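Q: The structure's right below; bear with me while I get my questions together.
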Amino acid sequence: MKKVKQFLVIMMAVLFAANLTACANKKTSSSSNEPKSLNVQFVPSSAANKLEARAKPMEKLLSKRLGIPVHVSMSTDYSGLVEAMKSKKVDVGFLPSDAYIMAHKQKAADLLLQAVRYGIKQPGGVTTKKLVNFYRGEILVKKDSAIKTWKDLKGKSISVQDITSDSGYVFPVAELKQKGLDVTKSCKVVSVKGADQGVLNVLNGDTDAAFVFEDARNIVKHDEPDIMTKVVPIYFTKPIPNDTISVISSMPKNFRKKLAKAFIAIGKSKAGKKIIESVYSHEGYVHAKDSDYDTIRQYNKIMDTIKK
């Protein structure tokens, strides 16, 4: 009888411990706050309808690694994406450095990863095999144009990108301001969607010049084989930190690690590399820190003086 009592006591202790473990596991699971689905958004660097189709396959790749549904969409511009992240309608945004700074300042987003690209060799805009974490902006004009240097841009029409675009607006506008040319007051600024449109505007004579990323001519080369000789760069900006993958500030740290690991793995995979190359010419993703973007903050101060 004594042995039976001892056995029952031991069994009750085992069951009690098992129950505590189950409760603990349940609590851990419910408190992890991992999202049940993920909204990822890109911003067009060229024709939006083409890029959305190229980016869509990212849904399956991410979903497979994260174990949750993933929805990929295309925003109209960087400002719209920042607002979407601020209101938590989008969880992950592919933001260029200036847009990231804007989002981070508004507590809408935090840095997750930084993109790496192959470098560009001039003249000719040839892609090298060296991976770099920066790029440059450039000013393009027609080869037979009377515009030979940045000084000749006064009074001319220029195709520019969204005001938060580093290569397509911020860097060239800020640097020319420092040199003595206020583009916003001395030139006719024409906003366009996508660097490809800026290149084509110059080629077709719709504007005298265009602010684009180096070397945006390559994205229209398939349709315009002579673009490299017909449209030429007259100015290159200082290096710009590469684009970010940014996440909403409320995203749990444990899920951020999981997400970062997934994006890095996708960037190394054959299928994933094909997608990110076709969308943004990214060749992969690496860890980075917020201070890597302090250069952008310095340029923003220059832009603030221009706005005044």
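So you can find residues: chains in the structure tokens are A, B, ... in the order shown, residues in each start at 1, and ligands are numbered from 1 in order.
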As a list in words, please: the residues near range 180-192 of chain A (cut-off 6 Å, only C-alpha atoms, same-chain neighbours under 2 positions excluded).
A: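 Residues near the query, excluding close chain neighbours: Lys154, Gly155, Lys156, Ser157, Ile158, Ser159, Val160, Gln161, Leu176, Lys177 and Gln178 of chain A.
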Q: Write out the residues from the selection above, keeping C-alpha atoms, as a PDB file, in the first residue's frame.
A:
```
ATOM      1  CA  LYS A 154      21.179  76.566 -65.545  1.00  0.00           C
ATOM      2  CA  GLY A 155      17.839  77.251 -67.223  1.00  0.00           C
ATOM      3  CA  LYS A 156      17.610  73.698 -68.577  1.00  0.00           C
ATOM      4  CA  SER A 157      14.937  71.028 -68.014  1.00  0.00           C
ATOM      5  CA  ILE A 158      15.879  68.037 -65.861  1.00  0.00           C
ATOM      6  CA  SER A 159      14.077  64.745 -65.272  1.00  0.00           C
ATOM      7  CA  VAL A 160      14.247  63.903 -61.558  1.00  0.00           C
ATOM      8  CA  GLN A 161      12.943  61.119 -59.372  1.00  0.00           C
ATOM      9  CA  LEU A 176      25.104  71.240 -57.127  1.00  0.00           C
ATOM     10  CA  LYS A 177      23.753  73.605 -54.470  1.00  0.00           C
ATOM     11  CA  GLN A 178      27.120  73.482 -52.722  1.00  0.00           C
TER      12      GLN A 178
END
```
Q: Quick one: residues within 8 Å of Arg117 in chain A, only C-alpha atoms counted, chain neighbours fewer than 6 positions away excluded, as a PyMOL selection string?
A: chain A and resi 131-134+281-284
Q: Only C-alpha atoms, please: the residues just picked out, written as a compact mmCIF listing (two decimals), in the first residue's frame.
A:
```txt
# COMPACT_ATOMS: atom_id res chain seq x y z
CA LEU A 131 30.53 43.62 -54.71
CA VAL A 132 30.17 47.04 -53.10
CA ASN A 133 27.83 48.54 -50.50
CA PHE A 134 27.50 51.89 -52.26
CA SER A 281 20.27 45.00 -59.43
CA HIS A 282 20.94 43.74 -55.91
CA GLU A 283 23.38 40.87 -55.60
CA GLY A 284 22.71 40.01 -51.98
```
Q: Apply DSSP to the structure's backbone, then extract all residues of range 60-204 of chain A labelled helix (DSSP H, G or I) and return them as a ChimeraX atom specification.
A: /A:60-66,78-86,97-105,150-153,166-179,183-186,195-204
Q: Skipping near chain neighbours, those fewer than 6 positions away, what residues fall within 10 Å of Gly125 in chain A using only C-alpha atoms, listed as a ChimeraX atom specification?
A: /A:119,214-218,228,232-233
Q: Quick one: write out the picked residues with C-alpha atoms as a short mmCIF file (atom, residue, chain, number, x, y, z; two decimals), in the first residue's frame?
A:
```
data_model
loop_
_atom_site.label_atom_id
_atom_site.label_comp_id
_atom_site.auth_asym_id
_atom_site.auth_seq_id
_atom_site.Cartn_x
_atom_site.Cartn_y
_atom_site.Cartn_z
CA GLY A 119 30.40 48.04 -58.94
CA GLU A 214 24.85 54.98 -62.16
CA ASP A 215 24.52 53.48 -64.79
CA ALA A 216 20.77 53.56 -65.45
CA ARG A 217 21.37 53.45 -69.18
CA ASN A 218 21.83 49.70 -68.88
CA MET A 228 25.49 54.24 -74.28
CA VAL A 232 26.31 60.28 -71.78
CA PRO A 233 27.09 61.23 -68.16
#
```
Q: Give the answer as one residue: which of A:Val43, A:Leu153, A:Leu38, A:Val247 has the shortest atom-to-atom distance to Leu62 in chain A, using only C-alpha atoms?
A: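 Result for the nearest residue to Leu62 in chain A: A:Leu38.
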Q: Need the shell around Tyr280 in chain A: protein/DNA/RNA residues with any atom at most 10 Å away, counting only C-alpha atoms. Skip same-chain ones fewer than 6 positions apart. Format as a VMD selection string?
A: chain A and resid 42 to 46 51 55 94 115 117 243
Q: With all heavy atoms retained, write the just-selected residues as a compact mmCIF listing (two decimals), in the first residue's frame.
A:
```txt
# COMPACT_ATOMS: atom_id res chain seq x y z
N PHE A 42 7.89 47.13 -52.51
CA PHE A 42 8.98 47.71 -53.28
C PHE A 42 8.53 49.05 -53.85
O PHE A 42 7.34 49.36 -53.87
CB PHE A 42 9.34 46.80 -54.47
CG PHE A 42 9.91 45.46 -54.08
CD1 PHE A 42 9.09 44.41 -53.69
CD2 PHE A 42 11.28 45.23 -54.15
CE1 PHE A 42 9.61 43.17 -53.36
CE2 PHE A 42 11.82 44.00 -53.81
CZ PHE A 42 10.97 42.97 -53.42
N VAL A 43 9.49 49.83 -54.34
CA VAL A 43 9.19 51.06 -55.05
C VAL A 43 9.86 50.96 -56.42
O VAL A 43 11.01 50.55 -56.51
CB VAL A 43 9.72 52.31 -54.30
CG1 VAL A 43 9.49 53.57 -55.12
CG2 VAL A 43 9.03 52.43 -52.96
N PRO A 44 9.16 51.32 -57.49
CA PRO A 44 9.72 51.17 -58.83
C PRO A 44 10.98 51.99 -59.06
O PRO A 44 11.03 53.17 -58.74
CB PRO A 44 8.60 51.65 -59.75
CG PRO A 44 7.38 51.67 -58.92
CD PRO A 44 7.81 51.89 -57.52
N SER A 45 12.01 51.33 -59.61
CA SER A 45 13.20 52.05 -60.08
C SER A 45 13.13 52.17 -61.59
O SER A 45 13.93 52.84 -62.22
CB SER A 45 14.48 51.31 -59.68
OG SER A 45 14.48 50.00 -60.22
N SER A 46 12.15 51.47 -62.16
CA SER A 46 11.84 51.56 -63.60
C SER A 46 10.36 51.28 -63.74
O SER A 46 9.62 51.37 -62.76
CB SER A 46 12.69 50.58 -64.40
OG SER A 46 12.49 49.25 -63.97
N LEU A 51 8.24 45.68 -62.93
CA LEU A 51 8.91 45.32 -61.68
C LEU A 51 8.02 44.51 -60.75
O LEU A 51 8.49 43.62 -60.06
CB LEU A 51 9.39 46.58 -60.95
CG LEU A 51 10.66 47.22 -61.50
CD1 LEU A 51 11.19 48.25 -60.52
CD2 LEU A 51 11.74 46.20 -61.80
N ALA A 55 8.98 41.00 -59.05
CA ALA A 55 9.11 40.88 -57.60
C ALA A 55 8.17 39.84 -56.99
O ALA A 55 8.45 39.30 -55.92
CB ALA A 55 8.86 42.24 -56.95
N PHE A 94 11.57 47.97 -49.04
CA PHE A 94 12.86 48.12 -49.71
C PHE A 94 13.07 49.61 -49.92
O PHE A 94 12.56 50.20 -50.88
CB PHE A 94 12.87 47.36 -51.02
CG PHE A 94 13.11 45.89 -50.87
CD1 PHE A 94 12.15 45.07 -50.30
CD2 PHE A 94 14.31 45.31 -51.28
CE1 PHE A 94 12.37 43.70 -50.14
CE2 PHE A 94 14.54 43.95 -51.12
CZ PHE A 94 13.56 43.15 -50.55
N ALA A 115 21.83 46.27 -48.96
CA ALA A 115 22.06 45.56 -50.22
C ALA A 115 23.51 45.72 -50.67
O ALA A 115 24.18 46.70 -50.35
CB ALA A 115 21.13 46.11 -51.30
N ARG A 117 25.80 45.43 -54.37
CA ARG A 117 25.69 45.39 -55.82
C ARG A 117 27.09 45.22 -56.43
O ARG A 117 28.10 45.44 -55.76
CB ARG A 117 25.13 46.71 -56.37
CG ARG A 117 23.68 47.02 -56.10
CD ARG A 117 23.32 48.32 -56.82
NE ARG A 117 21.91 48.66 -56.75
CZ ARG A 117 21.40 49.50 -55.88
NH1 ARG A 117 22.17 50.07 -54.98
NH2 ARG A 117 20.11 49.77 -55.89
N ASP A 243 20.88 50.65 -50.86
CA ASP A 243 19.51 50.53 -50.37
C ASP A 243 19.41 49.65 -49.13
O ASP A 243 20.27 48.82 -48.87
CB ASP A 243 18.62 49.91 -51.46
CG ASP A 243 18.66 50.69 -52.75
OD1 ASP A 243 19.05 51.87 -52.72
OD2 ASP A 243 18.31 50.13 -53.80
```
Q: Would you please give, as a PyMOL selection string, all residues of range 200-284 of chain A that DSSP assigns to strand (DSSP E or B) based on the backbone?
A: chain A and resi 209-213+231-236+240-241+244-248+284
Q: Those residues with C-alpha atoms, as a JSON list (two decimals), in the first residue's frame please?
A:
```json
[["chain", "number", "residue", "atom", "x", "y", "z"],
["A", 209, "ALA", "CA", 19.13, 66.19, -68.64],
["A", 210, "ALA", "CA", 18.24, 63.53, -66.08],
["A", 211, "PHE", "CA", 19.30, 62.67, -62.53],
["A", 212, "VAL", "CA", 19.56, 58.86, -62.26],
["A", 213, "PHE", "CA", 21.59, 56.15, -60.59],
["A", 231, "VAL", "CA", 23.25, 59.54, -73.92],
["A", 232, "VAL", "CA", 26.31, 60.28, -71.78],
["A", 233, "PRO", "CA", 27.09, 61.23, -68.16],
["A", 234, "ILE", "CA", 28.56, 64.65, -67.36],
["A", 235, "TYR", "CA", 28.64, 64.35, -63.57],
["A", 236, "PHE", "CA", 28.86, 61.69, -60.85],
["A", 240, "ILE", "CA", 25.71, 56.77, -51.65],
["A", 241, "PRO", "CA", 25.11, 53.97, -49.11],
["A", 244, "THR", "CA", 18.08, 49.01, -47.22],
["A", 245, "ILE", "CA", 15.64, 46.34, -46.29],
["A", 246, "SER", "CA", 13.80, 48.10, -43.49],
["A", 247, "VAL", "CA", 11.19, 46.77, -41.07],
["A", 248, "ILE", "CA", 8.50, 48.39, -38.96],
["A", 284, "GLY", "CA", 22.71, 40.01, -51.98]]
```
Q: Excluding same-chain residues fewer than 5 positions from Ala103 in chain A, what lies within 8 Å of it counting only C-alpha atoms, as a list in words?
A: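 These residues fall inside the cut-off: Val82, Lys86, Ala108, Ala109 and Asp110 of chain A.
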Q: Here is a test: counting only C-alpha atoms, which residue of A:Ile163, A:Leu112, A:Ile275, A:Ile302 is nearest to Pro252 in chain A?
A: A:Leu112
Q: Would you list the contacts of range 70-81 of chain A as an NGL selection string, taking every protein, DNA or RNA residue within 6 Å and counting only C-alpha atoms, but skipping same-chain residues closer than 5 positions in sequence?
A: :A and (37-43 or 52 or 56 or 59 or 63)
Q: Nearest to Asp91 in chain A: which of A:Asn300, A:Thr127, A:Ser250, A:Ser269 is it, counting only C-alpha atoms?
A: A:Ser250
Q: Just checking: using only C-alpha atoms, which residue out of A:Leu200, A:Ile296, A:Ile68, A:Leu113 ends up closest to Val141 in chain A?
A: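 Among A:Leu200, A:Ile296, A:Ile68, A:Leu113, it is A:Leu200 that comes nearest to Val141 in chain A.
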Q: Counting only C-alpha atoms, which residue out of A:Lys50, A:Lys270, A:Lys64, A:Lys107 sits closest to Ser249 in chain A?
A: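 Ranking A:Lys50, A:Lys270, A:Lys64, A:Lys107 by distance to Ser249 in chain A, first place goes to A:Lys107.
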Q: Record the distance separating CA of Met58 in chain A and CA of Lys258 in chain A, expressed in Å with one decimal.
A: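 Computed distance, CA of Met58 in chain A to CA of Lys258 in chain A, equals 16.0 Å.
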Q: Rounded to one decimal place, report the CA of Pro239 in chain A-CA of Gly137 in chain A distance in Å.
A: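 A separation of 7.9 Å between them.
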